[in-house]
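Structure data (mmCIF, C-alpha atoms) from target.cif:
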data_data
#
loop_
_atom_site.label_atom_id
_atom_site.label_comp_id
_atom_site.auth_asym_id
_atom_site.auth_seq_id
_atom_site.Cartn_x
_atom_site.Cartn_y
_atom_site.Cartn_z
CA MET A 1127 -40.35 39.47 -1.85
CA LEU A 1128 -36.87 38.55 -3.07
CA ARG A 1129 -34.79 36.24 -0.93
CA ALA A 1130 -31.08 36.91 -0.74
CA MET A 1131 -28.81 34.34 -2.34
CA PRO A 1132 -27.41 31.80 0.12
CA SER A 1133 -23.96 32.69 1.40
CA ARG A 1134 -20.86 30.71 0.47
CA ALA A 1135 -20.98 29.06 3.91
CA GLU A 1136 -24.67 28.16 3.50
CA ARG A 1137 -23.95 26.58 0.11
CA TYR A 1138 -21.10 24.57 1.64
CA VAL A 1139 -23.37 23.34 4.46
CA ALA A 1140 -25.93 22.32 1.82
CA HIS A 1141 -23.18 20.32 0.08
CA LEU A 1142 -22.25 18.63 3.38
CA ASP A 1143 -25.93 17.72 3.77
CA THR A 1144 -25.76 15.84 0.45
CA LEU A 1145 -22.78 13.86 1.80
CA THR A 1146 -24.19 13.01 5.22
CA GLY A 1147 -27.92 12.64 4.60
CA ASP A 1148 -30.22 13.50 7.45
CA VAL A 1149 -27.54 13.53 10.15
CA GLU A 1150 -27.73 16.84 12.01
CA PRO A 1151 -24.20 17.99 12.86
CA ARG A 1152 -22.99 19.58 16.04
CA LEU A 1153 -21.23 22.82 15.08
CA GLN A 1154 -18.22 23.92 17.08
CA PRO A 1155 -16.61 27.29 16.29
CA ILE A 1156 -12.83 27.43 16.62
CA THR A 1157 -11.91 31.03 17.43
CA SER A 1158 -9.80 32.67 14.76
CA THR A 1159 -6.26 33.67 15.64
CA HIS A 1160 -5.78 35.24 12.18
CA ALA A 1161 -6.63 38.91 11.68
CA GLY A 1162 -9.27 39.38 9.02
CA LEU A 1163 -10.35 35.72 8.93
CA ASP A 1164 -13.57 34.38 10.42
CA ASP A 1165 -13.62 31.49 12.87
CA VAL A 1166 -13.25 27.93 11.60
CA ILE A 1167 -16.34 25.79 12.14
CA ALA A 1168 -15.90 22.10 12.98
CA PHE A 1169 -18.88 19.97 11.95
CA VAL A 1170 -19.32 16.82 14.06
CA PHE A 1171 -21.53 14.10 12.55
CA ALA A 1172 -22.24 11.31 15.07
CA ASP A 1173 -23.05 7.83 13.75
CA GLU A 1174 -21.94 8.78 10.24
CA PRO A 1175 -21.41 6.91 7.93
CA GLU A 1176 -22.85 4.25 10.23
CA PRO A 1177 -23.42 3.65 13.96
CA ARG A 1178 -20.32 3.94 16.17
CA TYR A 1179 -18.49 6.01 13.55
CA LEU A 1180 -17.84 9.72 13.56
CA THR A 1181 -17.32 12.04 10.62
CA GLY A 1182 -16.03 15.58 10.88
CA ALA A 1183 -15.61 18.43 8.42
CA THR A 1184 -14.34 21.99 8.55
CA TYR A 1185 -15.33 25.31 7.11
CA GLY A 1186 -12.98 28.28 7.29
CA LEU A 1187 -9.68 26.87 6.04
CA SER A 1188 -10.67 27.84 2.49
CA LEU A 1189 -11.07 31.48 3.55
CA ALA A 1190 -7.28 31.84 3.84
CA ASP A 1191 -4.69 32.12 1.06
CA HIS A 1192 -1.71 29.87 0.41
CA ALA A 1193 0.94 30.10 -2.32
CA GLU A 1194 0.38 26.43 -3.30
CA TRP A 1195 -3.37 26.88 -3.85
CA HIS A 1196 -4.13 27.65 -7.46
CA GLY A 1197 -7.84 28.44 -7.66
CA VAL A 1198 -9.06 25.51 -5.55
CA ARG A 1199 -8.98 25.71 -1.75
CA PRO A 1200 -9.25 22.86 0.75
CA GLU A 1201 -11.53 22.05 3.64
CA LEU A 1202 -10.84 19.02 5.85
CA TRP A 1203 -12.73 15.74 6.40
CA ILE A 1204 -12.25 12.87 8.83
CA SER A 1205 -14.12 9.58 9.28
CA VAL A 1206 -13.17 7.24 12.13
CA ARG A 1207 -14.59 4.35 14.11
CA SER A 1208 -15.17 6.28 17.33
CA ASP A 1209 -17.84 8.25 19.12
CA ASP A 1210 -15.40 10.84 20.50
CA PRO A 1211 -15.98 14.27 18.88
CA VAL A 1212 -12.37 15.22 19.63
CA TRP A 1213 -11.41 13.78 16.20
CA ALA A 1214 -13.53 16.36 14.38
CA LEU A 1215 -12.44 19.12 16.76
CA ALA A 1216 -8.79 18.22 16.11
CA ILE A 1217 -9.09 18.83 12.37
CA GLY A 1218 -10.93 22.07 13.11
CA TYR A 1219 -8.05 23.12 15.34
CA LEU A 1220 -5.51 22.19 12.63
CA ALA A 1221 -7.46 24.11 9.99
CA GLU A 1222 -7.54 27.22 12.17
CA GLN A 1223 -3.96 27.09 13.41
CA LEU A 1224 -2.31 26.12 10.10
CA ARG A 1225 -4.37 28.03 7.54
CA GLY A 1226 -2.08 30.10 5.40
CA THR A 1227 1.00 28.05 6.36
CA CYS A 1228 0.14 24.40 5.59
CA PRO A 1229 -1.19 23.64 2.10
CA PHE A 1230 -3.05 20.43 3.17
CA VAL A 1231 -2.17 18.70 -0.10
CA TYR A 1232 -2.22 14.94 -0.56
CA GLY A 1233 0.84 13.40 1.03
CA ASP A 1234 1.27 16.11 3.67
CA THR A 1235 1.78 14.89 7.21
CA ILE A 1236 1.01 16.96 10.28
CA ASP A 1237 2.54 16.23 13.68
CA PHE A 1238 -0.13 16.94 16.29
CA GLY A 1239 2.55 16.82 18.98
CA GLN A 1240 0.57 14.67 21.44
CA PRO A 1241 -2.04 11.91 21.32
CA ILE A 1242 -5.00 13.26 19.35
CA ALA A 1243 -7.60 11.57 21.55
CA PRO A 1244 -7.56 9.70 24.87
CA GLU A 1245 -8.56 6.43 23.15
CA SER A 1246 -5.60 6.43 20.76
CA ALA A 1247 -1.81 6.62 20.71
CA MET A 1248 -1.86 8.33 17.30
CA THR A 1249 -0.11 11.70 17.24
CA ALA A 1250 -0.24 12.79 13.61
CA PHE A 1251 -2.39 13.11 10.50
CA ALA A 1252 -1.77 12.21 6.87
CA VAL A 1253 -3.64 14.07 4.14
CA SER A 1254 -5.16 12.22 1.18
CA ALA A 1255 -8.48 11.74 -0.61
CA PRO A 1256 -11.35 11.65 1.92
CA ALA A 1257 -12.65 8.27 3.09
CA GLY A 1258 -16.10 7.23 1.99
CA LEU A 1259 -16.54 9.87 -0.73
CA ASP A 1260 -16.41 9.60 -4.51
CA ALA A 1261 -14.26 12.06 -6.47
CA HIS A 1262 -17.26 14.06 -7.71
CA GLN A 1263 -18.31 14.58 -4.06
CA TYR A 1264 -15.03 16.11 -2.89
CA THR A 1265 -13.39 17.84 -5.86
CA LEU A 1266 -14.15 21.26 -7.35
CA ILE A 1267 -17.17 22.02 -5.21
CA ASP A 1268 -18.63 25.23 -6.63
CA ILE A 1269 -20.20 27.26 -3.82
CA GLY A 1270 -19.37 30.70 -5.16
CA GLY A 1271 -15.89 32.15 -5.05
CA PRO A 1272 -12.93 29.82 -5.34
CA PRO A 1273 -14.07 26.18 -5.54
CA ILE A 1274 -13.43 23.87 -2.59
CA SER A 1275 -11.81 20.46 -2.61
CA ILE A 1276 -12.28 18.33 0.51
CA ALA A 1277 -9.05 16.78 1.82
CA GLY A 1278 -9.17 13.70 4.02
CA CYS A 1279 -7.25 13.60 7.30
CA TYR A 1280 -6.15 10.18 8.53
CA PRO A 1281 -4.87 9.68 12.08
CA VAL A 1282 -1.48 7.97 12.03
CA HIS A 1283 1.27 6.97 14.43
CA ASP A 1284 4.50 8.97 14.47
CA THR A 1285 6.43 6.07 12.90
CA GLU A 1286 3.87 6.07 10.06
CA ARG A 1287 4.19 9.84 9.65
CA LYS A 1288 7.94 9.41 9.23
CA TYR A 1289 7.41 6.51 6.79
CA ILE A 1290 5.08 8.67 4.66
CA ARG A 1291 7.59 11.50 4.61
CA GLU A 1292 10.32 9.10 3.45
CA HIS A 1293 8.37 6.79 1.09
CA GLY A 1294 5.29 8.82 0.11
CA ILE A 1295 1.58 8.47 0.75
CA ASP A 1296 1.10 5.92 -2.07
CA ALA A 1297 3.54 3.50 -0.42
CA PHE A 1298 1.68 3.90 2.87
CA TRP A 1299 -1.66 3.12 1.19
CA GLN A 1300 -0.17 -0.18 -0.02
CA LEU A 1301 0.35 -1.38 3.57
CA ASP A 1302 -2.26 -3.48 5.38
CA TRP A 1303 -4.13 -1.16 7.76
CA ASP A 1304 -7.70 -0.19 8.63
CA LEU A 1305 -8.15 3.50 7.79
CA TYR A 1306 -11.07 3.88 10.24
CA ASP A 1307 -9.43 2.18 13.26
CA VAL A 1308 -8.02 4.75 15.71
CA ARG A 1309 -6.90 2.00 18.11
CA ARG A 1310 -4.84 -0.02 15.62
CA PRO A 1311 -1.15 -0.67 16.21
CA PRO A 1312 1.41 0.99 13.92
CA VAL A 1313 1.94 -0.78 10.57
CA VAL A 1314 5.56 0.38 10.34
#
Can I see the file as structure tokens?
Amino acid sequence: MLRAMPSRAERYVAHLDTLTGDVEPRLQPITSTHAGLDDVIAFVFADEPEPRYLTGATYGLSLADHAEWHGVRPELWISVRSDDPVWALAIGYLAEQLRGTCPFVYGDTIDFGQPIAPESAMTAFAVSAPAGLDAHQYTLIDIGGPPISIAGCYPVHDTERKYIREHGIDAFWQLDWDLYDVRRPPVV
């Protein structure tokens, strides 16, 4: 008996498995508000990449179109020192709400409009290469259809969001800050 080829989503999940090992994710659908587009799925990986950390990923952003996407489409990734799944759910929410309007390219900043999680005063995200992954793990992932590139989302304070918009993401990376610490004070 012939088995059907795995779907694009199944191939993406298999790729996430290569990045997170044996950690079984919690899957949280984010209901689509876009006609013709499926829900976004937020993947929540507890204790990944190590105990007391949380990693999150999305699937569904790459199903949309954006004028700035030329062949490659993004999905989102977050890794923080926290056990609160709200961090992964927040990027799922952003992916669903902003797909088609925000390109999620490196250097973008996104104002969340309120504290992202109860444990943190951070109210925004900066987009850059994903934490803890090598370039071959997050660029040009071929799962059938347009390839995916995973974009990292970093929680930042509003003053840092403004700094990035004025000086660029590279200048922000040169500052002394812990990219996993959601309780850190602002660096600018």
Legend entry - All residues 6 Å or closer to A:Phe1251, all atoms listed in the file, same chain fewer than 6 positions away omitted, as a PyMOL selection string: chain A and resi 1235-1236+1279-1282
May I have a table of the residues of stretch 1213-1262 of chain A lying at most 7 Å from stretch 1142-1156 of chain A, giving each one's closest pair of atoms and their distance in Å to one decimal, counting all atoms listed in the file, ordered by chain and ascending residue number, as a Markdown table?
| residue | atom | partner | partner_atom | distance |
| --- | --- | --- | --- | --- |
| A:Gly1218 | CA | A:Ile1156 | CA | 6.7 |
| A:Tyr1219 | CA | A:Ile1156 | CA | 6.6 |
| A:Glu1222 | CA | A:Ile1156 | CA | 6.9 |
Inset, instruction - Just give me the gap between atom CA of A:Glu1194 and atom CA of A:Gln1300 in Å, one decimal is fine. - result: 26.8 Å
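All residues of protein, DNA or RNA that reach within 10 Å of stretch 1296-1298 of chain A, judged by only C-alpha atoms and not counting those fewer than 3 positions away in the chain, are Tyr1232, Gly1233, Ala1252, Ser1254, Glu1286, Arg1287, Tyr1289, Ile1290, Arg1291, Glu1292, His1293, Leu1301, Asp1302, Trp1303, Val1313 and Val1314 of chain A.
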Inset, instruction - Please provide the set of residues having any atom within 7 Å of A:Ser1208, restricted to only C-alpha atoms, with same-chain residues fewer than 5 positions apart removed, written as a list in words. - result: Arg1178, Tyr1179 and Leu1180 of chain A
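Neighbours of A:Leu1215 closer than or equal to 12 Å, with all atoms listed in the file counted and sequence neighbours fewer than 4 positions away skipped, come out as Arg1152, Leu1153, Gln1154, Pro1155, Ile1156, Thr1157, Val1166, Ile1167, Ala1168, Phe1169, Val1170, Phe1171, Leu1180, Thr1181, Gly1182, Ala1183, Thr1184, Tyr1185, Leu1202, Trp1203, Ile1204, Asp1210, Pro1211, Tyr1219, Leu1220, Ala1221, Glu1222, Ile1242 and Ala1243 of chain A.
One distance worth recording is that between atom CA of A:Gly1271 and atom CA of A:Ala1190, which is 12.4 Å.
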Inset, instruction - Enter the distance from atom CA of A:Arg1137 to atom CA of A:Asp1268, in Å, rounded to one decimal. - result: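 For atom CA of A:Arg1137 relative to atom CA of A:Asp1268, the distance reads 8.7 Å.
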Inset, instruction - Apply the PyMOL selection byres ((chain A and resi 1200) around 8) to the displayed file and report the matching residues as a list in words. - result: Leu1187, Ser1188, Val1198, Arg1199, Glu1201, Leu1202, Phe1230, Ile1274, Ser1275, Ile1276 and Ala1277 of chain A
May I have the selected residues written with C-alpha atoms, as a tab-separated table (two decimals), in the frame of the given file?
chain	number	residue	atom	x	y	z
A	1187	LEU	CA	-9.68	26.87	6.04
A	1188	SER	CA	-10.67	27.84	2.49
A	1198	VAL	CA	-9.06	25.51	-5.55
A	1199	ARG	CA	-8.98	25.71	-1.75
A	1201	GLU	CA	-11.53	22.05	3.64
A	1202	LEU	CA	-10.84	19.02	5.85
A	1230	PHE	CA	-3.05	20.43	3.17
A	1274	ILE	CA	-13.43	23.87	-2.59
A	1275	SER	CA	-11.81	20.46	-2.61
A	1276	ILE	CA	-12.28	18.33	0.51
A	1277	ALA	CA	-9.05	16.78	1.82
Legend entry - Nearest-residue call for A:Leu1305, choices A:Pro1177, A:Pro1272, A:Gly1258, A:Gly1197, using all atoms listed in the file: A:Gly1258
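Taken over the whole file, the PyMOL selection byres ((chain A and resi 1244-1249) around 6) covers exactly Phe1238, Gln1240, Pro1241, Ile1242, Ala1243, Ala1250, Val1282, His1283, Val1308 and Arg1309 of chain A.
Considering the residues A:Gly1226, A:Ala1261, A:Asp1237, A:Ile1269 and counting all atoms listed in the file, A:Val1139 has its shortest atom-to-atom contact with A:Ile1269.
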Inset, instruction - Report as a ChimeraX atom specification the residues that result from applying the PyMOL selection byres ((chain A and resi 1306) around 6) to the structure here. - result: /A:1206-1207,1304-1305,1307
Inset, instruction - Can you work out which one of A:Trp1299, A:His1196, A:Ile1267, A:Glu1174 has the shortest atom-to-atom distance to A:Val1231, counting only C-alpha atoms? - result: A:His1196
Need the shell around A:Thr1227: protein/DNA/RNA residues with any atom at most 9 Å away, counting only C-alpha atoms. Skip same-chain ones fewer than 4 positions apart. Format as a PDB file with C-alpha atoms, in the coordinates of the input?
ATOM      1  CA  ASP A1191      -4.690  32.120   1.060  1.00  0.00           C
ATOM      2  CA  HIS A1192      -1.710  29.870   0.410  1.00  0.00           C
ATOM      3  CA  ALA A1193       0.940  30.100  -2.320  1.00  0.00           C
ATOM      4  CA  GLN A1223      -3.960  27.090  13.410  1.00  0.00           C
TER       5      GLN A1223
END
Legend entry - From A:His1160, A:Arg1134, A:Lys1288, A:His1141, residue lying nearest A:Thr1265 [all atoms listed in the file]: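 Nearest to A:Thr1265: A:His1141.
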